[in-house]
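K.L.:
As input, take run.cif (mmCIF, N, CA and C atoms):
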data_my_file
#
loop_
_atom_site.group_PDB
_atom_site.id
_atom_site.type_symbol
_atom_site.label_atom_id
_atom_site.label_comp_id
_atom_site.auth_asym_id
_atom_site.auth_seq_id
_atom_site.Cartn_x
_atom_site.Cartn_y
_atom_site.Cartn_z
ATOM 1 N N MET K 1 14.291 6.024 25.764
ATOM 2 C CA MET K 1 14.321 7.184 24.900
ATOM 3 C C MET K 1 15.519 7.134 23.948
ATOM 4 N N GLU K 2 16.644 6.621 24.446
ATOM 5 C CA GLU K 2 17.836 6.542 23.610
ATOM 6 C C GLU K 2 17.631 5.572 22.454
ATOM 7 N N GLN K 3 16.875 4.504 22.696
ATOM 8 C CA GLN K 3 16.615 3.537 21.636
ATOM 9 C C GLN K 3 15.778 4.161 20.523
ATOM 10 N N ILE K 4 14.828 5.000 20.897
ATOM 11 C CA ILE K 4 13.988 5.669 19.901
ATOM 12 C C ILE K 4 14.819 6.625 19.063
ATOM 13 N N LEU K 5 15.659 7.414 19.714
ATOM 14 C CA LEU K 5 16.517 8.348 18.983
ATOM 15 C C LEU K 5 17.505 7.612 18.074
ATOM 16 N N GLN K 6 18.027 6.503 18.548
ATOM 17 C CA GLN K 6 18.949 5.718 17.737
ATOM 18 C C GLN K 6 18.221 5.136 16.519
ATOM 19 N N PHE K 7 17.001 4.655 16.736
ATOM 20 C CA PHE K 7 16.203 4.126 15.625
ATOM 21 C C PHE K 7 15.934 5.209 14.592
ATOM 22 N N ILE K 8 15.586 6.411 15.049
ATOM 23 C CA ILE K 8 15.311 7.514 14.127
ATOM 24 C C ILE K 8 16.571 7.888 13.352
ATOM 25 N N GLN K 9 17.709 7.932 14.031
ATOM 26 C CA GLN K 9 18.961 8.284 13.360
ATOM 27 C C GLN K 9 19.354 7.237 12.320
ATOM 28 N N GLU K 10 19.122 5.983 12.613
ATOM 29 C CA GLU K 10 19.484 4.913 11.680
ATOM 30 C C GLU K 10 18.546 4.851 10.482
ATOM 31 N N ASN K 11 17.304 5.269 10.667
ATOM 32 C CA ASN K 11 16.294 5.121 9.614
ATOM 33 C C ASN K 11 15.732 6.453 9.150
ATOM 34 N N ILE K 12 16.501 7.519 9.237
ATOM 35 C CA ILE K 12 15.979 8.847 8.911
ATOM 36 C C ILE K 12 15.564 8.955 7.447
ATOM 37 N N LEU K 13 16.310 8.315 6.551
ATOM 38 C CA LEU K 13 15.947 8.368 5.140
ATOM 39 C C LEU K 13 14.614 7.659 4.882
ATOM 40 N N SER K 14 14.404 6.528 5.528
ATOM 41 C CA SER K 14 13.131 5.807 5.370
ATOM 42 C C SER K 14 11.975 6.612 5.944
ATOM 43 N N ILE K 15 12.212 7.293 7.040
ATOM 44 C CA ILE K 15 11.154 8.112 7.648
ATOM 45 C C ILE K 15 10.794 9.267 6.727
ATOM 46 N N TYR K 16 11.800 9.931 6.158
ATOM 47 C CA TYR K 16 11.538 11.004 5.197
ATOM 48 C C TYR K 16 10.765 10.480 3.996
ATOM 49 N N LEU K 17 11.120 9.301 3.528
ATOM 50 C CA LEU K 17 10.456 8.712 2.368
ATOM 51 C C LEU K 17 8.992 8.411 2.655
ATOM 52 N N VAL K 18 8.698 7.870 3.827
ATOM 53 C CA VAL K 18 7.307 7.566 4.190
ATOM 54 C C VAL K 18 6.492 8.848 4.317
ATOM 55 N N VAL K 19 7.052 9.867 4.973
ATOM 56 C CA VAL K 19 6.339 11.140 5.128
ATOM 57 C C VAL K 19 6.079 11.765 3.760
ATOM 58 N N PHE K 20 7.078 11.738 2.893
ATOM 59 C CA PHE K 20 6.916 12.284 1.549
ATOM 60 C C PHE K 20 5.856 11.517 0.765
ATOM 61 N N ALA K 21 5.865 10.191 0.857
ATOM 62 C CA ALA K 21 4.887 9.374 0.134
ATOM 63 C C ALA K 21 3.469 9.643 0.623
ATOM 64 N N VAL K 22 3.296 9.791 1.933
ATOM 65 C CA VAL K 22 1.966 10.090 2.485
ATOM 66 C C VAL K 22 1.491 11.456 2.001
ATOM 67 N N PHE K 23 2.362 12.446 2.063
ATOM 68 C CA PHE K 23 1.994 13.796 1.630
ATOM 69 C C PHE K 23 1.668 13.822 0.138
ATOM 70 N N LEU K 24 2.521 13.199 -0.676
ATOM 71 C CA LEU K 24 2.305 13.178 -2.112
ATOM 72 C C LEU K 24 1.025 12.426 -2.468
ATOM 73 N N GLY K 25 0.796 11.283 -1.830
ATOM 74 C CA GLY K 25 -0.423 10.518 -2.081
ATOM 75 C C GLY K 25 -1.675 11.302 -1.735
ATOM 76 N N PHE K 26 -1.646 12.002 -0.610
ATOM 77 C CA PHE K 26 -2.805 12.817 -0.211
ATOM 78 C C PHE K 26 -3.050 13.934 -1.214
ATOM 79 N N GLU K 27 -1.998 14.606 -1.635
ATOM 80 C CA GLU K 27 -2.147 15.700 -2.592
ATOM 81 C C GLU K 27 -2.660 15.199 -3.940
ATOM 82 N N LEU K 28 -2.150 14.065 -4.397
ATOM 83 C CA LEU K 28 -2.592 13.539 -5.690
ATOM 84 C C LEU K 28 -4.047 13.099 -5.652
ATOM 85 N N ILE K 29 -4.427 12.381 -4.627
ATOM 86 C CA ILE K 29 -5.800 11.871 -4.542
ATOM 87 C C ILE K 29 -6.800 13.008 -4.342
ATOM 88 N N SER K 30 -6.426 14.020 -3.592
ATOM 89 C CA SER K 30 -7.366 15.119 -3.342
ATOM 90 C C SER K 30 -7.607 15.959 -4.589
ATOM 91 N N LYS K 31 -6.708 15.915 -5.551
ATOM 92 C CA LYS K 31 -6.866 16.706 -6.782
ATOM 93 C C LYS K 31 -7.611 15.944 -7.884
ATOM 94 N N VAL K 32 -7.887 14.670 -7.685
ATOM 95 C CA VAL K 32 -8.560 13.856 -8.707
ATOM 96 C C VAL K 32 -10.066 14.057 -8.603
ATOM 97 N N PRO K 33 -10.736 14.323 -9.732
ATOM 98 C CA PRO K 33 -12.197 14.447 -9.691
ATOM 99 C C PRO K 33 -12.857 13.131 -9.293
ATOM 100 N N SER K 34 -14.033 13.209 -8.707
ATOM 101 C CA SER K 34 -14.696 12.005 -8.198
ATOM 102 C C SER K 34 -15.059 11.026 -9.315
ATOM 103 N N VAL K 35 -15.207 11.503 -10.541
ATOM 104 C CA VAL K 35 -15.536 10.626 -11.665
ATOM 105 C C VAL K 35 -14.385 9.655 -11.948
ATOM 106 N N LEU K 36 -13.159 10.056 -11.646
ATOM 107 C CA LEU K 36 -11.993 9.237 -11.974
ATOM 108 C C LEU K 36 -11.526 8.349 -10.827
ATOM 109 N N HIS K 37 -12.210 8.327 -9.709
ATOM 110 C CA HIS K 37 -11.746 7.536 -8.577
ATOM 111 C C HIS K 37 -11.769 6.037 -8.847
ATOM 112 N N THR K 38 -12.789 5.542 -9.549
ATOM 113 C CA THR K 38 -12.858 4.105 -9.822
ATOM 114 C C THR K 38 -11.751 3.649 -10.768
ATOM 115 N N PRO K 39 -11.486 4.347 -11.885
ATOM 116 C CA PRO K 39 -10.329 3.933 -12.704
ATOM 117 C C PRO K 39 -9.002 4.091 -11.961
ATOM 118 N N LEU K 40 -8.936 5.041 -11.076
ATOM 119 C CA LEU K 40 -7.716 5.228 -10.292
ATOM 120 C C LEU K 40 -7.497 4.039 -9.361
ATOM 121 N N MET K 41 -8.583 3.460 -8.852
ATOM 122 C CA MET K 41 -8.459 2.286 -7.995
ATOM 123 C C MET K 41 -7.905 1.104 -8.777
ATOM 124 N N SER K 42 -8.253 1.009 -10.049
ATOM 125 C CA SER K 42 -7.700 -0.064 -10.874
ATOM 126 C C SER K 42 -6.196 0.085 -11.005
ATOM 127 N N GLY K 43 -5.730 1.306 -11.152
ATOM 128 C CA GLY K 43 -4.288 1.542 -11.215
ATOM 129 C C GLY K 43 -3.609 1.301 -9.885
ATOM 130 N N ALA K 44 -4.335 1.502 -8.813
ATOM 131 C CA ALA K 44 -3.765 1.273 -7.483
ATOM 132 C C ALA K 44 -3.527 -0.206 -7.225
ATOM 133 N N ASN K 45 -4.202 -1.085 -7.971
ATOM 134 C CA ASN K 45 -3.954 -2.519 -7.816
ATOM 135 C C ASN K 45 -2.514 -2.860 -8.140
ATOM 136 N N ALA K 46 -1.958 -2.224 -9.157
ATOM 137 C CA ALA K 46 -0.562 -2.484 -9.521
ATOM 138 C C ALA K 46 0.371 -2.009 -8.412
ATOM 139 N N ILE K 47 0.068 -0.872 -7.835
ATOM 140 C CA ILE K 47 0.898 -0.353 -6.741
ATOM 141 C C ILE K 47 0.783 -1.270 -5.526
ATOM 142 N N SER K 48 -0.414 -1.762 -5.253
ATOM 143 C CA SER K 48 -0.584 -2.677 -4.132
ATOM 144 C C SER K 48 0.150 -3.985 -4.369
ATOM 145 N N GLY K 49 0.231 -4.392 -5.619
ATOM 146 C CA GLY K 49 1.015 -5.584 -5.943
ATOM 147 C C GLY K 49 2.484 -5.377 -5.617
ATOM 148 N N ILE K 50 2.992 -4.186 -5.883
ATOM 149 C CA ILE K 50 4.380 -3.864 -5.549
ATOM 150 C C ILE K 50 4.567 -3.863 -4.032
ATOM 151 N N VAL K 51 3.591 -3.316 -3.310
ATOM 152 C CA VAL K 51 3.656 -3.313 -1.839
ATOM 153 C C VAL K 51 3.642 -4.742 -1.315
ATOM 154 N N LEU K 52 2.840 -5.599 -1.937
ATOM 155 C CA LEU K 52 2.775 -6.999 -1.518
ATOM 156 C C LEU K 52 4.120 -7.693 -1.717
ATOM 157 N N VAL K 53 4.725 -7.500 -2.872
ATOM 158 C CA VAL K 53 6.038 -8.103 -3.129
ATOM 159 C C VAL K 53 7.085 -7.544 -2.165
ATOM 160 N N GLY K 54 7.025 -6.236 -1.908
ATOM 161 C CA GLY K 54 7.952 -5.627 -0.958
ATOM 162 C C GLY K 54 7.789 -6.171 0.445
ATOM 163 N N SER K 55 6.545 -6.398 0.868
ATOM 164 C CA SER K 55 6.322 -6.937 2.211
ATOM 165 C C SER K 55 6.808 -8.383 2.315
ATOM 166 N N ILE K 56 6.670 -9.136 1.242
ATOM 167 C CA ILE K 56 7.182 -10.511 1.244
ATOM 168 C C ILE K 56 8.704 -10.508 1.351
ATOM 169 N N LEU K 57 9.344 -9.647 0.573
ATOM 170 C CA LEU K 57 10.809 -9.547 0.642
ATOM 171 C C LEU K 57 11.261 -9.063 2.015
ATOM 172 N N PHE K 58 10.519 -8.126 2.596
ATOM 173 C CA PHE K 58 10.832 -7.618 3.929
ATOM 174 C C PHE K 58 10.730 -8.725 4.973
ATOM 175 N N LEU K 59 9.681 -9.538 4.872
ATOM 176 C CA LEU K 59 9.494 -10.623 5.829
ATOM 177 C C LEU K 59 10.572 -11.692 5.695
ATOM 178 N N ARG K 60 11.045 -11.920 4.469
ATOM 179 C CA ARG K 60 12.097 -12.927 4.277
ATOM 180 C C ARG K 60 13.413 -12.515 4.916
ATOM 181 N N LYS K 61 13.699 -11.211 4.944
ATOM 182 C CA LYS K 61 14.977 -10.738 5.468
ATOM 183 C C LYS K 61 14.927 -10.381 6.954
ATOM 184 N N THR K 62 13.738 -10.427 7.550
ATOM 185 C CA THR K 62 13.586 -10.056 8.944
ATOM 186 C C THR K 62 14.050 -11.180 9.863
ATOM 187 N N ASP K 63 14.684 -10.790 10.955
ATOM 188 C CA ASP K 63 15.119 -11.749 11.966
ATOM 189 C C ASP K 63 13.890 -12.397 12.612
ATOM 190 N N PRO K 64 13.871 -13.719 12.760
ATOM 191 C CA PRO K 64 12.687 -14.386 13.333
ATOM 192 C C PRO K 64 12.347 -13.934 14.758
ATOM 193 N N GLY K 65 13.294 -13.376 15.479
ATOM 194 C CA GLY K 65 13.014 -12.925 16.840
ATOM 195 C C GLY K 65 12.469 -11.514 16.920
ATOM 196 N N ASP K 66 12.468 -10.781 15.815
ATOM 197 C CA ASP K 66 12.018 -9.388 15.807
ATOM 198 C C ASP K 66 10.509 -9.347 15.549
ATOM 199 N N THR K 67 9.731 -9.381 16.622
ATOM 200 C CA THR K 67 8.278 -9.462 16.480
ATOM 201 C C THR K 67 7.680 -8.181 15.901
ATOM 202 N N PHE K 68 8.277 -7.023 16.200
ATOM 203 C CA PHE K 68 7.748 -5.767 15.670
ATOM 204 C C PHE K 68 7.846 -5.739 14.155
ATOM 205 N N SER K 69 8.997 -6.095 13.619
ATOM 206 C CA SER K 69 9.183 -6.090 12.164
ATOM 207 C C SER K 69 8.315 -7.157 11.500
ATOM 208 N N LEU K 70 8.198 -8.305 12.127
ATOM 209 C CA LEU K 70 7.348 -9.357 11.567
ATOM 210 C C LEU K 70 5.880 -8.935 11.529
ATOM 211 N N SER K 71 5.415 -8.314 12.609
ATOM 212 C CA SER K 71 4.017 -7.880 12.635
ATOM 213 C C SER K 71 3.784 -6.728 11.662
ATOM 214 N N LEU K 72 4.765 -5.831 11.499
ATOM 215 C CA LEU K 72 4.633 -4.736 10.545
ATOM 216 C C LEU K 72 4.593 -5.268 9.110
ATOM 217 N N GLY K 73 5.449 -6.230 8.789
ATOM 218 C CA GLY K 73 5.434 -6.844 7.462
ATOM 219 C C GLY K 73 4.151 -7.607 7.197
ATOM 220 N N ALA K 74 3.665 -8.330 8.214
ATOM 221 C CA ALA K 74 2.408 -9.066 8.051
ATOM 222 C C ALA K 74 1.237 -8.106 7.860
ATOM 223 N N LEU K 75 1.246 -6.994 8.594
ATOM 224 C CA LEU K 75 0.188 -5.992 8.434
ATOM 225 C C LEU K 75 0.226 -5.389 7.035
ATOM 226 N N ALA K 76 1.423 -5.099 6.522
ATOM 227 C CA ALA K 76 1.546 -4.575 5.164
ATOM 228 C C ALA K 76 1.029 -5.584 4.148
ATOM 229 N N MET K 77 1.308 -6.860 4.373
ATOM 230 C CA MET K 77 0.849 -7.895 3.449
ATOM 231 C C MET K 77 -0.681 -7.997 3.467
ATOM 232 N N VAL K 78 -1.268 -7.973 4.637
ATOM 233 C CA VAL K 78 -2.728 -8.082 4.750
ATOM 234 C C VAL K 78 -3.409 -6.865 4.129
ATOM 235 N N MET K 79 -2.899 -5.666 4.424
ATOM 236 C CA MET K 79 -3.509 -4.452 3.879
ATOM 237 C C MET K 79 -3.389 -4.407 2.353
ATOM 238 N N ALA K 80 -2.248 -4.833 1.816
ATOM 239 C CA ALA K 80 -2.075 -4.858 0.359
ATOM 240 C C ALA K 80 -3.048 -5.848 -0.278
ATOM 241 N N MET K 81 -3.225 -7.002 0.344
ATOM 242 C CA MET K 81 -4.149 -7.992 -0.218
ATOM 243 C C MET K 81 -5.596 -7.499 -0.175
ATOM 244 N N ILE K 82 -5.970 -6.818 0.908
ATOM 245 C CA ILE K 82 -7.327 -6.257 0.985
ATOM 246 C C ILE K 82 -7.533 -5.243 -0.131
ATOM 247 N N ASN K 83 -6.528 -4.402 -0.367
ATOM 248 C CA ASN K 83 -6.631 -3.390 -1.410
ATOM 249 C C ASN K 83 -6.683 -4.023 -2.798
ATOM 250 N N ILE K 84 -5.888 -5.045 -3.024
ATOM 251 C CA ILE K 84 -5.882 -5.712 -4.332
ATOM 252 C C ILE K 84 -7.225 -6.376 -4.604
ATOM 253 N N VAL K 85 -7.721 -7.153 -3.648
ATOM 254 C CA VAL K 85 -8.997 -7.861 -3.841
ATOM 255 C C VAL K 85 -10.151 -6.870 -4.001
ATOM 256 N N GLY K 86 -10.171 -5.833 -3.180
ATOM 257 C CA GLY K 86 -11.229 -4.824 -3.294
ATOM 258 C C GLY K 86 -11.168 -4.081 -4.613
ATOM 259 N N GLY K 87 -9.966 -3.769 -5.050
ATOM 260 C CA GLY K 87 -9.811 -3.062 -6.322
ATOM 261 C C GLY K 87 -10.269 -3.898 -7.499
ATOM 262 N N PHE K 88 -9.916 -5.180 -7.489
ATOM 263 C CA PHE K 88 -10.365 -6.042 -8.576
ATOM 264 C C PHE K 88 -11.874 -6.244 -8.532
ATOM 265 N N ALA K 89 -12.459 -6.302 -7.348
ATOM 266 C CA ALA K 89 -13.915 -6.451 -7.254
ATOM 267 C C ALA K 89 -14.624 -5.228 -7.814
ATOM 268 N N VAL K 90 -14.129 -4.047 -7.473
ATOM 269 C CA VAL K 90 -14.741 -2.818 -7.987
ATOM 270 C C VAL K 90 -14.551 -2.716 -9.497
ATOM 271 N N THR K 91 -13.360 -3.053 -9.975
ATOM 272 C CA THR K 91 -13.096 -3.004 -11.417
ATOM 273 C C THR K 91 -13.982 -3.990 -12.164
ATOM 274 N N ASN K 92 -14.145 -5.186 -11.625
ATOM 275 C CA ASN K 92 -15.001 -6.184 -12.257
ATOM 276 C C ASN K 92 -16.448 -5.701 -12.311
ATOM 277 N N ARG K 93 -16.900 -5.094 -11.241
ATOM 278 C CA ARG K 93 -18.268 -4.586 -11.207
ATOM 279 C C ARG K 93 -18.447 -3.441 -12.197
ATOM 280 N N MET K 94 -17.420 -2.591 -12.293
ATOM 281 C CA MET K 94 -17.494 -1.465 -13.217
ATOM 282 C C MET K 94 -17.531 -1.967 -14.667
ATOM 283 N N LEU K 95 -16.698 -2.963 -14.969
ATOM 284 C CA LEU K 95 -16.690 -3.501 -16.334
ATOM 285 C C LEU K 95 -17.970 -4.247 -16.649
ATOM 286 N N ALA K 96 -18.615 -4.850 -15.669
ATOM 287 C CA ALA K 96 -19.863 -5.573 -15.879
ATOM 288 C C ALA K 96 -20.979 -4.602 -16.288
ATOM 289 N N MET K 97 -20.872 -3.341 -15.881
ATOM 290 C CA MET K 97 -21.897 -2.358 -16.254
ATOM 291 C C MET K 97 -21.888 -2.078 -17.752
ATOM 292 N N PHE K 98 -20.746 -2.303 -18.418
ATOM 293 C CA PHE K 98 -20.640 -1.981 -19.836
ATOM 294 C C PHE K 98 -20.916 -3.185 -20.744
ATOM 295 N N LYS K 99 -21.162 -4.354 -20.169
ATOM 296 C CA LYS K 99 -21.486 -5.518 -20.977
ATOM 297 C C LYS K 99 -22.928 -5.428 -21.483
ATOM 298 N N LYS K 100 -23.131 -5.981 -22.674
ATOM 299 C CA LYS K 100 -24.491 -6.000 -23.222
ATOM 300 C C LYS K 100 -25.326 -7.038 -22.496
ATOM 301 N N LYS K 101 -26.557 -6.679 -22.214
ATOM 302 C CA LYS K 101 -27.452 -7.602 -21.528
ATOM 303 C C LYS K 101 -28.069 -8.549 -22.551
ATOM 304 N N LYS K 102 -28.294 -9.783 -22.135
ATOM 305 C CA LYS K 102 -28.863 -10.808 -23.033
ATOM 306 C C LYS K 102 -30.352 -10.651 -23.152
#
Using the file provided, produce a representation of the structure as structure tokens.
P.N.:
Amino acid sequence: MEQILQFIQENILSIYLVVFAVFLGFELISKVPSVLHTPLMSGANAISGIVLVGSILFLRKTDPGDTFSLSLGALAMVMAMINIVGGFAVTNRMLAMFKKKK
């Protein structure tokens, strides 16, 4: 229990930041009309790219013996890549709808 409290005390600013980001993201997405969700996903690709770069930097600075941090960074990298690839696939499909047919 002491280790958990010590971790929270050392990382309280990061915890506040994550909670704020989750709350803000939920509020922003819930206010967007459904017509704009696909263009919004295209913009999310840039944010996922930032998350990907951040996870790479996080993994580079992590101690090789810290399996929790390594697995958390790897999970962030995988989730960001899934979001990037899915976003580009949806954007490509959306743009294909506006091309003239031969």
K.L.:
Take atom CA of Val51 of chain K and atom CA of Ala80 of chain K and report the distance between them in Å, one decimal.
P.N.:
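Going from atom CA of Val51 of chain K over to atom CA of Ala80 of chain K, I get 6.3 Å.
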K.L.:
What residues come out when you apply the PyMOL selection byres ((chain K and resi 54-57) around 8) to this file, written as a VMD selection string?
P.N.:
chain K and resid 48 to 53 58 to 62 72 to 77
K.L.:
Can you measure atom N of Leu36 of chain K to atom C of Met97 of chain K for me? One decimal in Å is fine.
P.N.:
16.1 Å
K.L.:
Take atom N of Pro64 of chain K and atom C of Met1 of chain K and report the distance between them in Å, one decimal.
P.N.:
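One can read the atom N of Pro64 of chain K to atom C of Met1 of chain K distance as 23.7 Å.
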K.L.:
Using DSSP on the backbone, list every residue of chain K that comes out as helix (DSSP H, G or I), and give them as a ChimeraX atom specification.
P.N.:
/K:2-10,12-30,34-61,67-96
